[in-house]
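Chemist: Sending over final.cif (mmCIF, C-alpha atoms).
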```cif
data_structure
#
loop_
_atom_site.label_atom_id
_atom_site.label_comp_id
_atom_site.auth_asym_id
_atom_site.auth_seq_id
_atom_site.Cartn_x
_atom_site.Cartn_y
_atom_site.Cartn_z
CA MET A 684 15.50 -4.70 -2.38
CA SER A 685 15.75 -7.77 -0.22
CA ALA A 686 13.95 -11.05 -0.17
CA ARG A 687 13.86 -14.14 1.93
CA THR A 688 11.99 -17.33 2.57
CA SER A 689 10.41 -18.19 5.87
CA THR A 690 9.36 -21.69 6.74
CA ALA A 691 7.24 -22.27 9.83
CA PRO A 692 5.21 -25.34 10.68
CA LEU A 693 2.50 -25.83 8.04
CA ARG A 694 3.21 -22.54 6.33
CA THR A 695 5.78 -21.46 3.79
CA THR A 696 6.10 -17.89 2.60
CA ALA A 697 8.61 -15.72 0.84
CA ALA A 698 8.89 -11.96 1.19
CA ALA A 699 10.53 -9.04 -0.54
CA ASP A 700 11.09 -5.56 0.88
CA TRP A 701 11.90 -2.43 -1.05
CA ARG A 702 10.71 1.15 -1.42
CA ALA A 703 8.36 2.93 -3.81
CA LEU A 704 5.84 5.77 -3.69
CA GLY A 705 7.96 7.35 -0.98
CA THR A 706 7.27 4.53 1.43
CA SER A 707 8.11 0.93 2.27
CA VAL A 708 6.88 -1.92 0.11
CA ARG A 709 6.49 -5.46 1.40
CA LEU A 710 5.31 -8.35 -0.74
CA VAL A 711 4.71 -11.78 0.78
CA VAL A 712 3.57 -14.81 -1.20
CA THR A 713 2.72 -18.33 -0.15
CA ASP A 714 4.53 -19.83 -3.15
CA PRO A 715 8.20 -18.83 -2.90
CA ALA A 716 8.85 -19.86 -6.49
CA LEU A 717 6.61 -17.04 -7.67
CA LEU A 718 8.08 -14.24 -5.57
CA ASP A 719 10.30 -12.77 -8.27
CA SER A 720 7.62 -12.84 -10.92
CA CYS A 721 5.09 -11.25 -8.58
CA ASN A 722 7.61 -8.65 -7.50
CA LEU A 723 8.22 -7.70 -11.11
CA LEU A 724 4.52 -7.16 -11.68
CA LEU A 725 4.18 -5.24 -8.44
CA ALA A 726 7.03 -2.92 -9.41
CA ARG A 727 5.38 -2.24 -12.73
CA HIS A 728 2.03 -1.56 -11.11
CA LEU A 729 3.49 0.86 -8.60
CA ALA A 730 5.43 2.68 -11.31
CA GLU A 731 2.16 3.24 -13.14
CA VAL A 732 0.46 4.46 -9.97
CA ASP A 733 3.33 6.84 -9.28
CA ALA A 734 3.22 8.25 -12.81
CA ALA A 735 -0.51 8.86 -12.48
CA CYS A 736 -0.93 9.97 -8.88
CA SER A 737 2.29 11.56 -7.61
CA ARG A 738 1.96 15.07 -6.26
CA PHE A 739 5.71 15.55 -6.40
CA ARG A 740 6.49 14.57 -9.98
CA THR A 741 6.34 17.32 -12.57
CA ASP A 742 5.44 14.75 -15.22
CA SER A 743 2.60 13.06 -13.37
CA GLU A 744 -0.99 13.17 -14.52
CA LEU A 745 -2.05 14.63 -11.20
CA THR A 746 0.38 17.52 -11.55
CA ALA A 747 -0.95 18.17 -15.04
CA LEU A 748 -4.38 18.72 -13.55
CA ASP A 749 -2.97 21.73 -11.69
CA ALA A 750 -2.57 23.46 -15.03
CA SER A 751 -6.02 22.58 -16.30
CA LEU A 752 -7.44 25.98 -15.26
CA GLY A 753 -10.80 24.53 -14.40
CA ARG A 754 -11.31 22.87 -17.76
CA PRO A 755 -12.44 19.24 -18.07
CA VAL A 756 -9.47 16.97 -18.63
CA THR A 757 -9.52 13.40 -19.87
CA VAL A 758 -7.41 11.27 -17.56
CA SER A 759 -6.17 7.71 -17.68
CA PRO A 760 -8.42 4.97 -16.32
CA LEU A 761 -5.91 4.49 -13.51
CA LEU A 762 -6.08 8.10 -12.33
CA ALA A 763 -9.85 8.12 -12.78
CA GLU A 764 -10.10 5.11 -10.50
CA ALA A 765 -7.73 6.65 -7.95
CA LEU A 766 -9.84 9.81 -7.93
CA ALA A 767 -13.03 7.80 -7.60
CA VAL A 768 -11.61 6.01 -4.58
CA ALA A 769 -10.53 9.31 -3.02
CA LEU A 770 -13.92 10.93 -3.58
CA ARG A 771 -15.73 7.88 -2.24
CA ALA A 772 -13.52 7.94 0.86
CA ALA A 773 -14.39 11.59 1.34
CA GLU A 774 -18.10 10.93 1.08
CA ALA A 775 -17.96 7.88 3.33
CA THR A 776 -16.04 9.73 6.03
CA ASP A 777 -18.20 12.86 6.06
CA GLY A 778 -15.45 14.81 4.36
CA THR A 779 -12.81 14.13 6.99
CA VAL A 780 -10.57 12.41 4.40
CA ASP A 781 -10.57 14.98 1.62
CA PRO A 782 -8.40 14.93 -1.54
CA THR A 783 -8.56 18.72 -1.90
CA VAL A 784 -6.03 19.32 0.89
CA GLY A 785 -3.16 19.61 -1.59
CA SER A 786 -2.76 23.37 -1.06
CA ALA A 787 -2.90 22.92 2.71
CA MET A 788 -0.16 20.30 2.48
CA ASN A 789 1.98 22.70 0.47
CA ALA A 790 1.30 25.47 2.99
CA ILE A 791 2.66 23.43 5.89
CA GLY A 792 5.78 22.58 3.93
CA TYR A 793 4.90 19.12 2.63
CA ASP A 794 5.36 20.06 -1.00
CA ARG A 795 8.08 17.58 -1.98
CA ASP A 796 9.23 14.09 -1.23
CA PHE A 797 9.27 13.64 2.51
CA THR A 798 13.00 13.03 2.71
CA LEU A 799 13.46 16.56 1.35
CA VAL A 800 10.77 18.04 3.60
CA GLN A 801 12.79 17.10 6.65
CA GLU A 802 15.85 18.92 5.30
CA ASP A 803 13.95 22.06 4.36
CA ASP A 804 14.17 24.95 6.81
CA ARG A 805 12.17 27.63 4.98
CA PRO A 806 9.88 29.52 7.36
CA ILE A 807 6.17 28.87 7.08
CA ARG A 808 3.09 30.72 8.25
CA LEU A 809 0.28 28.61 9.61
CA THR A 810 -3.18 29.96 8.88
CA VAL A 811 -6.55 28.35 9.35
CA LYS A 812 -8.13 27.79 5.95
CA ARG A 813 -10.76 25.21 5.17
CA ALA A 814 -10.01 22.91 2.22
CA PRO A 815 -12.11 23.60 -0.89
CA GLY A 816 -13.94 20.33 -0.38
CA TRP A 817 -14.29 17.13 -2.36
CA ARG A 818 -17.65 18.17 -3.80
CA THR A 819 -15.89 20.78 -5.94
CA ILE A 820 -14.28 17.99 -7.95
CA ASP A 821 -16.29 16.71 -10.87
CA LEU A 822 -15.38 13.22 -12.04
CA ASP A 823 -17.24 11.62 -14.93
CA ARG A 824 -16.36 7.93 -14.86
CA THR A 825 -18.13 7.20 -18.13
CA THR A 826 -16.01 9.64 -20.13
CA GLY A 827 -12.97 9.57 -17.88
CA THR A 828 -12.94 13.33 -17.50
CA VAL A 829 -12.26 15.31 -14.37
CA THR A 830 -12.75 18.98 -13.66
CA VAL A 831 -10.70 20.59 -10.91
CA PRO A 832 -11.56 24.20 -10.07
CA VAL A 833 -8.87 26.82 -10.48
CA GLY A 834 -6.63 26.97 -7.43
CA VAL A 835 -7.58 23.57 -6.07
CA ARG A 836 -4.68 21.19 -5.55
CA LEU A 837 -5.35 17.50 -5.15
CA ASP A 838 -3.53 15.18 -2.78
CA LEU A 839 -4.27 11.47 -3.13
CA GLY A 840 -1.76 10.55 -0.44
CA ALA A 841 -4.47 9.54 2.02
CA THR A 842 -6.00 6.90 -0.23
CA ALA A 843 -3.75 6.02 -3.17
CA LYS A 844 -1.35 3.68 -1.39
CA ALA A 845 -4.10 1.56 0.15
CA TRP A 846 -5.98 1.42 -3.13
CA ALA A 847 -2.78 0.46 -4.96
CA ALA A 848 -2.20 -2.32 -2.43
CA ASP A 849 -5.73 -3.64 -3.01
CA LYS A 850 -5.31 -3.69 -6.77
CA ALA A 851 -1.89 -5.28 -6.61
CA ALA A 852 -2.88 -8.02 -4.17
CA ALA A 853 -5.97 -8.98 -6.17
CA MET A 854 -4.11 -8.97 -9.47
CA LEU A 855 -1.15 -10.96 -8.18
CA ALA A 856 -3.31 -13.55 -6.43
CA GLN A 857 -5.28 -14.03 -9.60
CA VAL A 858 -2.33 -14.54 -11.91
CA ALA A 859 -0.12 -16.42 -9.47
CA GLY A 860 -2.81 -18.56 -7.88
CA CYS A 861 -1.32 -18.30 -4.41
CA GLY A 862 -1.81 -16.23 -1.30
CA VAL A 863 -0.50 -12.67 -1.56
CA LEU A 864 0.06 -9.89 0.93
CA VAL A 865 0.96 -6.40 -0.24
CA SER A 866 1.86 -3.72 2.26
CA LEU A 867 2.56 -0.16 1.19
CA GLY A 868 3.72 1.73 4.22
CA GLY A 869 1.55 -0.45 6.42
CA ASP A 870 -1.57 -0.16 4.27
CA THR A 871 -2.06 -3.87 3.83
CA ALA A 872 -4.14 -5.90 1.38
CA VAL A 873 -4.32 -9.68 1.18
CA ALA A 874 -5.83 -11.90 -1.50
CA GLY A 875 -5.91 -15.53 -2.49
CA GLU A 876 -5.60 -18.45 -0.12
CA PRO A 877 -3.87 -17.24 3.07
CA PRO A 878 -1.18 -19.29 4.75
CA ALA A 879 -2.24 -21.69 7.48
CA GLY A 880 -3.56 -19.65 10.38
CA GLY A 881 -3.90 -16.51 8.27
CA TRP A 882 -1.47 -13.66 7.76
CA ASN A 883 0.17 -12.54 10.98
CA ILE A 884 0.30 -8.77 11.12
CA ARG A 885 1.70 -6.74 13.97
CA VAL A 886 -0.02 -3.40 14.41
CA GLN A 887 2.12 -0.73 16.00
CA ASP A 888 2.63 3.03 16.04
CA VAL A 889 5.04 3.16 13.11
CA THR A 890 5.46 0.67 10.27
CA GLY A 891 8.77 -1.12 10.57
CA SER A 892 10.68 -4.29 9.98
CA VAL A 893 9.00 -7.52 10.98
CA ASP A 894 12.20 -8.41 12.82
CA GLU A 895 12.22 -5.32 15.02
CA VAL A 896 9.70 -5.36 17.82
CA PRO A 897 8.85 -1.79 18.79
CA THR A 898 10.72 -0.57 21.82
CA HIS A 899 8.22 2.22 22.44
CA GLY A 900 4.47 2.17 22.45
CA THR A 901 2.06 -0.69 22.45
CA TYR A 902 1.53 -3.25 19.73
CA ALA A 903 -0.57 -6.29 18.97
CA THR A 904 -0.42 -9.14 16.48
CA ILE A 905 -3.58 -10.24 14.73
CA GLY A 906 -4.51 -12.64 11.96
CA LEU A 907 -5.86 -11.42 8.63
CA ARG A 908 -7.50 -13.84 6.22
CA SER A 909 -9.04 -11.47 3.67
CA GLY A 910 -9.59 -7.83 2.87
CA GLY A 911 -7.38 -5.11 4.22
CA LEU A 912 -5.84 -3.58 7.28
CA ALA A 913 -4.55 -0.06 7.61
CA THR A 914 -3.06 2.06 10.34
CA SER A 915 -2.97 5.84 10.47
CA GLY A 916 -1.16 7.87 13.05
CA THR A 917 0.67 11.01 13.88
CA ALA A 918 3.83 9.32 15.14
CA ALA A 919 5.37 9.09 11.69
CA ARG A 920 6.09 11.59 8.92
CA ARG A 921 6.68 14.43 11.34
CA TRP A 922 8.91 17.45 10.87
CA ARG A 923 9.74 20.78 12.50
CA ARG A 924 9.51 24.10 10.78
CA GLY A 925 9.81 27.56 12.27
CA GLY A 926 9.17 26.33 15.77
CA TYR A 927 6.14 24.29 14.76
CA GLU A 928 5.93 20.54 15.20
CA LEU A 929 4.08 19.30 12.12
CA HIS A 930 2.79 16.03 10.71
CA HIS A 931 1.05 14.82 7.56
CA ILE A 932 -2.54 14.21 8.70
CA VAL A 933 -4.36 17.42 7.81
CA ASP A 934 -7.80 18.35 9.08
CA PRO A 935 -9.74 19.57 6.02
CA ARG A 936 -11.75 21.88 8.26
CA THR A 937 -8.67 23.90 9.24
CA GLY A 938 -6.03 23.02 6.70
CA LEU A 939 -3.65 22.33 9.57
CA PRO A 940 -2.19 19.15 11.05
CA VAL A 941 -4.91 17.54 13.09
CA ARG A 942 -4.79 17.61 16.87
CA SER A 943 -6.30 14.28 17.79
CA PRO A 944 -6.89 12.43 21.03
CA TRP A 945 -5.68 9.37 19.11
CA ARG A 946 -2.07 8.65 18.37
CA THR A 947 -2.61 5.55 16.24
CA VAL A 948 -5.70 3.93 14.73
CA SER A 949 -5.74 0.52 13.03
CA VAL A 950 -8.82 -0.69 11.15
CA ALA A 951 -9.69 -3.93 9.35
CA ALA A 952 -12.17 -3.73 6.46
CA ALA A 953 -13.17 -5.39 3.22
CA THR A 954 -10.39 -3.51 1.45
CA SER A 955 -7.27 -1.68 2.47
CA ALA A 956 -8.73 1.46 0.91
CA ASP A 957 -11.76 1.31 3.16
CA ALA A 958 -9.61 0.47 6.17
CA ASN A 959 -7.33 3.40 5.46
CA ALA A 960 -10.19 5.83 4.91
CA ALA A 961 -11.64 4.78 8.26
CA SER A 962 -8.37 4.91 10.19
CA THR A 963 -7.47 8.34 8.84
CA ALA A 964 -10.98 9.65 9.45
CA CYS A 965 -10.76 8.56 13.07
CA LEU A 966 -7.81 10.82 13.71
CA VAL A 967 -9.83 13.76 12.42
CA LYS A 968 -13.11 12.77 14.04
CA GLY A 969 -11.40 12.52 17.40
CA ALA A 970 -13.52 11.57 20.38
CA GLY A 971 -16.44 10.27 18.31
CA ALA A 972 -14.33 7.85 16.31
CA GLU A 973 -14.98 4.76 18.39
CA ARG A 974 -18.76 5.08 18.10
CA TRP A 975 -18.51 5.80 14.38
CA LEU A 976 -16.45 2.67 13.78
CA THR A 977 -18.79 0.55 15.86
CA ARG A 978 -21.77 1.82 13.92
CA LEU A 979 -20.07 0.83 10.65
CA GLY A 980 -19.16 -2.60 12.04
CA LEU A 981 -15.45 -2.05 11.49
CA PRO A 982 -13.07 -3.87 13.84
CA ALA A 983 -10.46 -1.42 15.05
CA ARG A 984 -7.80 -0.69 17.62
CA LEU A 985 -7.35 2.90 18.76
CA VAL A 986 -4.40 4.08 20.80
CA ALA A 987 -4.89 7.32 22.72
CA GLN A 988 -2.11 9.85 23.10
CA ASP A 989 -1.45 8.51 26.61
CA GLY A 990 -1.12 4.95 25.31
CA THR A 991 -4.55 3.73 26.38
CA VAL A 992 -5.84 1.11 23.95
CA VAL A 993 -9.49 0.92 22.93
CA THR A 994 -10.91 -1.70 20.57
CA THR A 995 -14.23 -1.98 18.76
CA PRO A 996 -16.36 -5.13 18.39
CA GLY A 997 -14.80 -7.65 16.04
CA TRP A 998 -11.22 -6.78 16.88
CA PRO A 999 -9.54 -9.92 18.26
CA THR A 1000 -9.42 -9.86 22.01
CA HIS A 1001 -6.95 -12.71 22.24
CA GLN A 1002 -3.79 -11.44 20.62
CA ALA A 1003 -0.37 -12.97 20.33
CA THR A 1004 1.99 -11.01 22.53
CA THR A 1005 5.65 -11.34 23.22
CA HIS A 1006 6.54 -8.27 25.24
CA GLY A 1007 5.16 -6.39 28.16
CA THR A 1008 4.18 -3.41 26.10
CA ALA A 1009 1.99 -5.40 23.77
CA ALA A 1010 -1.71 -4.63 24.07
CA MET B 816 42.87 -23.67 -32.90
CA THR B 817 41.69 -26.85 -34.54
CA VAL B 818 38.55 -27.23 -36.51
CA LYS B 819 37.04 -29.17 -33.64
CA GLU B 820 37.93 -26.40 -31.17
CA ARG B 821 36.49 -23.73 -33.43
CA GLY B 822 33.33 -25.74 -33.71
CA ALA B 823 33.09 -26.03 -29.96
CA ALA B 824 33.60 -22.26 -29.52
CA THR B 825 30.90 -21.56 -32.08
CA ALA B 826 28.53 -23.87 -30.27
CA VAL B 827 29.18 -22.09 -26.97
CA ARG B 828 28.57 -18.67 -28.54
CA ARG B 829 25.39 -19.93 -30.13
CA GLY B 830 24.24 -21.31 -26.78
CA LYS B 831 24.91 -17.99 -25.09
CA ARG B 832 22.93 -16.15 -27.74
CA ARG B 833 20.03 -18.53 -27.31
CA ILE B 834 20.01 -18.09 -23.54
CA ALA B 835 20.16 -14.31 -23.93
CA ALA B 836 17.33 -14.38 -26.44
CA ALA B 837 15.22 -16.59 -24.21
CA THR B 838 15.84 -14.37 -21.21
CA ALA B 839 14.91 -11.26 -23.18
CA ALA B 840 11.77 -12.93 -24.49
CA ILE B 841 10.63 -13.93 -21.04
CA THR B 842 11.35 -10.49 -19.64
CA LEU B 843 9.45 -8.83 -22.44
CA ALA B 844 6.58 -11.22 -22.01
CA ALA B 845 6.39 -10.35 -18.33
CA ALA B 846 6.51 -6.66 -19.05
CA ALA B 847 3.94 -6.98 -21.77
CA GLY B 848 1.23 -7.84 -19.36
CA VAL B 849 -0.39 -10.10 -16.92
CA PHE B 850 -1.55 -12.71 -19.36
CA ALA B 851 1.88 -13.15 -20.83
CA LEU B 852 3.28 -13.68 -17.38
CA VAL B 853 0.76 -16.37 -16.58
CA GLY B 854 2.26 -18.46 -19.31
CA THR B 855 5.74 -17.70 -18.08
CA MET B 856 4.95 -18.73 -14.55
CA GLN B 857 3.18 -21.88 -15.64
CA SER B 858 6.10 -22.93 -17.73
CA ASP B 859 8.38 -22.13 -14.82
CA ALA B 860 6.43 -24.46 -12.62
CA GLU B 861 6.27 -27.23 -15.14
CA ALA B 862 9.78 -27.24 -16.45
CA ASP B 863 12.92 -27.10 -14.43
CA THR B 864 14.40 -24.31 -16.48
CA ALA B 865 16.79 -21.72 -15.21
CA ALA B 866 14.12 -19.07 -14.97
CA GLY B 867 15.41 -17.60 -11.74
CA SER B 868 17.40 -15.04 -13.67
CA THR B 869 14.62 -13.83 -15.90
CA GLY B 870 15.23 -10.18 -15.38
CA THR B 871 13.79 -9.66 -11.95
CA THR B 872 16.25 -6.85 -11.60
CA SER B 873 18.44 -6.76 -8.55
CA SER B 874 16.23 -8.63 -6.16
CA SER B 875 18.11 -11.14 -4.11
CA SER B 876 15.46 -13.64 -4.86
CA PRO B 877 14.72 -16.47 -2.52
CA SER B 878 15.98 -19.81 -3.60
CA PRO B 879 12.87 -21.89 -4.00
CA SER B 880 14.01 -25.23 -2.78
CA ALA B 881 11.84 -28.07 -3.85
CA SER B 882 10.87 -28.89 -0.31
CA SER B 883 9.66 -25.39 0.41
CA ASN B 884 6.89 -25.52 -2.15
CA THR B 885 4.63 -27.53 0.06
CA SER B 886 2.41 -24.77 1.31
CA SER B 887 -1.17 -25.40 2.14
CA THR B 888 -2.27 -23.43 -0.90
CA SER B 889 -4.44 -25.37 -3.25
CA ASP B 890 -3.64 -23.68 -6.52
CA SER B 891 -6.56 -25.24 -8.29
CA SER B 892 -8.95 -22.94 -6.47
CA THR B 893 -7.47 -19.73 -7.71
CA SER B 894 -10.46 -17.79 -8.85
CA SER B 895 -13.21 -17.23 -6.30
CA SER B 896 -12.24 -14.45 -3.96
CA SER B 897 -9.27 -13.22 -5.92
CA SER B 898 -11.14 -12.89 -9.17
CA SER B 899 -12.62 -9.56 -8.16
CA SER B 900 -9.57 -7.80 -9.48
CA SER B 901 -10.99 -4.31 -9.37
CA SER B 902 -12.04 -4.90 -5.76
CA SER B 903 -14.66 -3.00 -3.89
CA SER B 904 -12.34 -0.07 -3.38
CA SER B 905 -13.64 1.27 -6.64
CA SER B 906 -17.21 0.53 -5.66
CA SER B 907 -19.67 3.35 -5.99
CA SER B 908 -21.15 2.53 -2.59
CA PRO B 909 -20.46 5.40 -0.23
CA ASP B 910 -20.32 3.12 2.79
CA LEU B 911 -17.08 1.68 4.05
CA GLN B 912 -17.35 -2.09 3.86
CA SER B 913 -16.63 -4.40 6.75
CA SER B 914 -14.91 -7.72 6.25
CA SER B 915 -17.14 -10.32 7.88
CA SER B 916 -14.41 -12.69 9.01
CA GLY B 917 -11.28 -11.09 7.71
CA VAL B 918 -9.63 -10.37 11.03
CA THR B 919 -8.94 -13.06 13.60
CA SER B 920 -6.74 -13.77 16.54
CA SER B 921 -3.17 -14.44 15.57
CA SER B 922 -2.22 -18.08 15.22
CA GLY B 923 1.24 -17.29 16.51
CA GLY B 924 4.41 -17.94 14.62
CA SER B 925 6.36 -15.54 12.50
CA THR B 926 5.13 -12.06 11.68
CA ASP B 927 4.32 -11.60 8.00
CA SER B 928 4.10 -7.82 8.03
CA THR B 929 3.65 -4.77 10.22
CA SER B 930 1.07 -2.04 10.02
CA GLY B 931 1.67 1.37 11.47
CA ALA B 932 1.81 4.98 10.46
CA SER B 933 4.33 5.71 7.73
#
```
Show the structure stored in the file as structure tokens.

Modeler:
Amino acid sequence: MSARTSTAPLRTTAAADWRALGTSVRLVVTDPALLDSCNLLLARHLAEVDAACSRFRTDSELTALDASLGRPVTVSPLLAEALAVALRAAEATDGTVDPTVGSAMNAIGYDRDFTLVQEDDRPIRLTVKRAPGWRTIDLDRTTGTVTVPVGVRLDLGATAKAWAADKAAAMLAQVAGCGVLVSLGGDTAVAGEPPAGGWNIRVQDVTGSVDEVPTHGTYATIGLRSGGLATSGTAARRWRRGGYELHHIVDPRTGLPVRSPWRTVSVAAATSADANAASTACLVKGAGAERWLTRLGLPARLVAQDGTVVTTPGWPTHQATTHGTAA
Amino acid sequence: MTVKERGAATAVRRGKRRIAAATAAITLAAAAGVFALVGTMQSDAEADTAAGSTGTTSSSSPSPSASSNTSSTSDSSTSSSSSSSSSSSSSSSPDLQSSSSGVTSSSGGSTDSTSGAS
């Protein structure tokens, strides 16, 4: 875990970087004196999310659902909310972001923490098999019960991090009374009063250090004053198995890693969860993604496999750039 | 050791115990929940206590120099937008919600965060 204070003209922030949920965590606050306290709360929040939603922990609530044998199970309010967000994302994206791809993820070898997936060399057999579908999941928010059909494995990886970032940013801004940015693997949520000029966020193919400008691919820096920003892409979380080049964005229609005309999609929305649902859906929707985003009024930046950049209305056209590859 | 020295040693031990107890109390208060932490943070702001070591684990915390706390944030207006703690991510609306003015051109300066695939 590392932390530091940055002072620029008219804006003072402090940031901490560490890892949780199998990804990078970055917390930035506009009141440096409150960084440690906010970080403590964030760590606690993410520990609770992990205990509820992890697909890789044998003691998680989500794993326990695998043994429910189709019976209704009462879950914690936290898992119920995470499931509600996942099901809403599925409905809003026409089923292209579907939480029932857990079995498909296991089938392509992503059945453990990603650091272990890369070291695993067991052979796999790729077969086309449609995911069971989000409509097979019955969630009763009033009673907090969920029914998962026998054989269906849930994966909240597409939505849980963004949702957790939203919750954390809102909670921290409320208790700390300052501007807060929470990024979980690039799924970014901001709340409270932003620093002067807004939060500067550099969108790029792969989430990385703020100090390391990407040497490959295009990037752009935008300002974010509220809501969320998320980027999905196939350039990260890739692995090879049995001669196959695989990645973690699965098309629910085939159960296989999606083959998309887009390499990277960044979307700004009212929440990071909505932004992430949209950006992931775009990879699956493929060629129709730009029109779909425009219809929803979501500002976005799409990078094609050949590096061509397309933006939708509302995405800033004047972007801060520092290198020739920025776009 | 003289009586005076023994007394001084006892006072030091008592002071250490008090600091340890205070640290534990603050840590527990923070872990107990959000509302407890509000009080902790407020007292931190108001009193110049040595709260920097209140159990924030191994973080190499920033040193909040007095001059750095001059951000443009007006803490008195804390509620409005941030009070929607459950956020619209748990909304029952099936439509993805746009942020009317959330995204803007960058003002330049340092990068606060990056967003990419992970």

Chemist: Looking at only C-alpha atoms, which of A:Ala734, A:Val711, A:Leu976, A:Leu822 is the one that sits closest to Val873 (chain A)?

Modeler: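 Residue with the minimum atom-to-atom distance to Val873 (chain A): A:Val711.
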
Chemist: Go through the shown structure with the PyMOL selection byres ((chain A and resi 928-939) around 6) and write out the matching residues as a PyMOL selection string.

Modeler: chain A and resi 787+811-814+920-923+927+940-941

Chemist: I need the chosen residues saved as a JSON list (two decimals), in the coordinates of the input, with C-alpha atoms.

Modeler:
```
[["chain", "number", "residue", "atom", "x", "y", "z"],
["A", 787, "ALA", "CA", -2.90, 22.92, 2.71],
["A", 811, "VAL", "CA", -6.55, 28.35, 9.35],
["A", 812, "LYS", "CA", -8.13, 27.79, 5.95],
["A", 813, "ARG", "CA", -10.76, 25.21, 5.17],
["A", 814, "ALA", "CA", -10.01, 22.91, 2.22],
["A", 920, "ARG", "CA", 6.09, 11.59, 8.92],
["A", 921, "ARG", "CA", 6.68, 14.43, 11.34],
["A", 922, "TRP", "CA", 8.91, 17.45, 10.87],
["A", 923, "ARG", "CA", 9.74, 20.78, 12.50],
["A", 927, "TYR", "CA", 6.14, 24.29, 14.76],
["A", 940, "PRO", "CA", -2.19, 19.15, 11.05],
["A", 941, "VAL", "CA", -4.91, 17.54, 13.09]]
```

Chemist: How far is it from CA of Arg808 (chain A) to CA of Met788 (chain A), in Å with one decimal?

Modeler: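 One can read the CA of Arg808 (chain A) to CA of Met788 (chain A) distance as 12.3 Å.
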
Chemist: Which one is closest to Ser707 (chain A): A:Leu770, A:Val865, A:Ala872, A:Ala964? Count only C-alpha atoms.

Modeler: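 Among the listed residues, the smallest separation from Ser707 (chain A) belongs to A:Val865.
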
Chemist: To one decimal in Å, tell me the separation between CA of Thr746 (chain A) and CA of Gly785 (chain A).

Modeler: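 We find that CA of Thr746 (chain A) and CA of Gly785 (chain A) lie 10.8 Å from each other.
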
Chemist: Put the listed atoms of region 908-923 of chain B in a box along x, y and z with 5 Å added on every side and give me the centre and edge lengths in Å to one decimal, as lines of an AutoDock Vina configuration file.

Modeler:
```
center_x = -10.0
center_y = -6.3
center_z = 7.0
size_x = 32.4
size_y = 33.5
size_z = 29.1
```

Chemist: Written as a count of residues only, which residues does the PyMOL selection byres ((chain A and resi 945) around 12) give for the file shown?

Modeler: 37

Chemist: Can you give me, as a CSV table (one decimal) with C-alpha atoms, in the frame of the given file, the residues this file yields under the PyMOL selection byres ((chain A and resi 958) around 12)?

Modeler:
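Produced file result.csv, reproduced below:
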```csv
chain,number,residue,atom,x,y,z
A,772,ALA,CA,-13.5,7.9,0.9
A,775,ALA,CA,-18.0,7.9,3.3
A,776,THR,CA,-16.0,9.7,6.0
A,841,ALA,CA,-4.5,9.5,2.0
A,842,THR,CA,-6.0,6.9,-0.2
A,844,LYS,CA,-1.4,3.7,-1.4
A,845,ALA,CA,-4.1,1.6,0.2
A,846,TRP,CA,-6.0,1.4,-3.1
A,848,ALA,CA,-2.2,-2.3,-2.4
A,849,ASP,CA,-5.7,-3.6,-3.0
A,869,GLY,CA,1.6,-0.4,6.4
A,870,ASP,CA,-1.6,-0.2,4.3
A,871,THR,CA,-2.1,-3.9,3.8
A,872,ALA,CA,-4.1,-5.9,1.4
A,910,GLY,CA,-9.6,-7.8,2.9
A,911,GLY,CA,-7.4,-5.1,4.2
A,912,LEU,CA,-5.8,-3.6,7.3
A,913,ALA,CA,-4.6,-0.1,7.6
A,914,THR,CA,-3.1,2.1,10.3
A,915,SER,CA,-3.0,5.8,10.5
A,948,VAL,CA,-5.7,3.9,14.7
A,949,SER,CA,-5.7,0.5,13.0
A,950,VAL,CA,-8.8,-0.7,11.2
A,951,ALA,CA,-9.7,-3.9,9.4
A,952,ALA,CA,-12.2,-3.7,6.5
A,953,ALA,CA,-13.2,-5.4,3.2
A,954,THR,CA,-10.4,-3.5,1.4
A,955,SER,CA,-7.3,-1.7,2.5
A,956,ALA,CA,-8.7,1.5,0.9
A,957,ASP,CA,-11.8,1.3,3.2
A,959,ASN,CA,-7.3,3.4,5.5
A,960,ALA,CA,-10.2,5.8,4.9
A,961,ALA,CA,-11.6,4.8,8.3
A,962,SER,CA,-8.4,4.9,10.2
A,963,THR,CA,-7.5,8.3,8.8
A,964,ALA,CA,-11.0,9.6,9.4
A,965,CYS,CA,-10.8,8.6,13.1
A,976,LEU,CA,-16.4,2.7,13.8
A,979,LEU,CA,-20.1,0.8,10.6
A,980,GLY,CA,-19.2,-2.6,12.0
A,981,LEU,CA,-15.4,-2.0,11.5
A,982,PRO,CA,-13.1,-3.9,13.8
A,983,ALA,CA,-10.5,-1.4,15.0
A,984,ARG,CA,-7.8,-0.7,17.6
B,903,SER,CA,-14.7,-3.0,-3.9
B,904,SER,CA,-12.3,-0.1,-3.4
B,910,ASP,CA,-20.3,3.1,2.8
B,911,LEU,CA,-17.1,1.7,4.0
B,912,GLN,CA,-17.4,-2.1,3.9
B,913,SER,CA,-16.6,-4.4,6.8
B,914,SER,CA,-14.9,-7.7,6.2
B,917,GLY,CA,-11.3,-11.1,7.7
B,918,VAL,CA,-9.6,-10.4,11.0
B,930,SER,CA,1.1,-2.0,10.0
```

Chemist: What does the distance between CA of His899 (chain A) and CA of Asp700 (chain A) come to in Å, to one decimal place?

Modeler: 23.1 Å

Chemist: Of the candidates A:Leu839, A:Leu718, A:Leu864, A:Ala769, which one gets nearest to Trp882 (chain A) if we count only C-alpha atoms?

Modeler: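 Looking only at the distances to Trp882 (chain A), the closest residue turns out to be A:Leu864.
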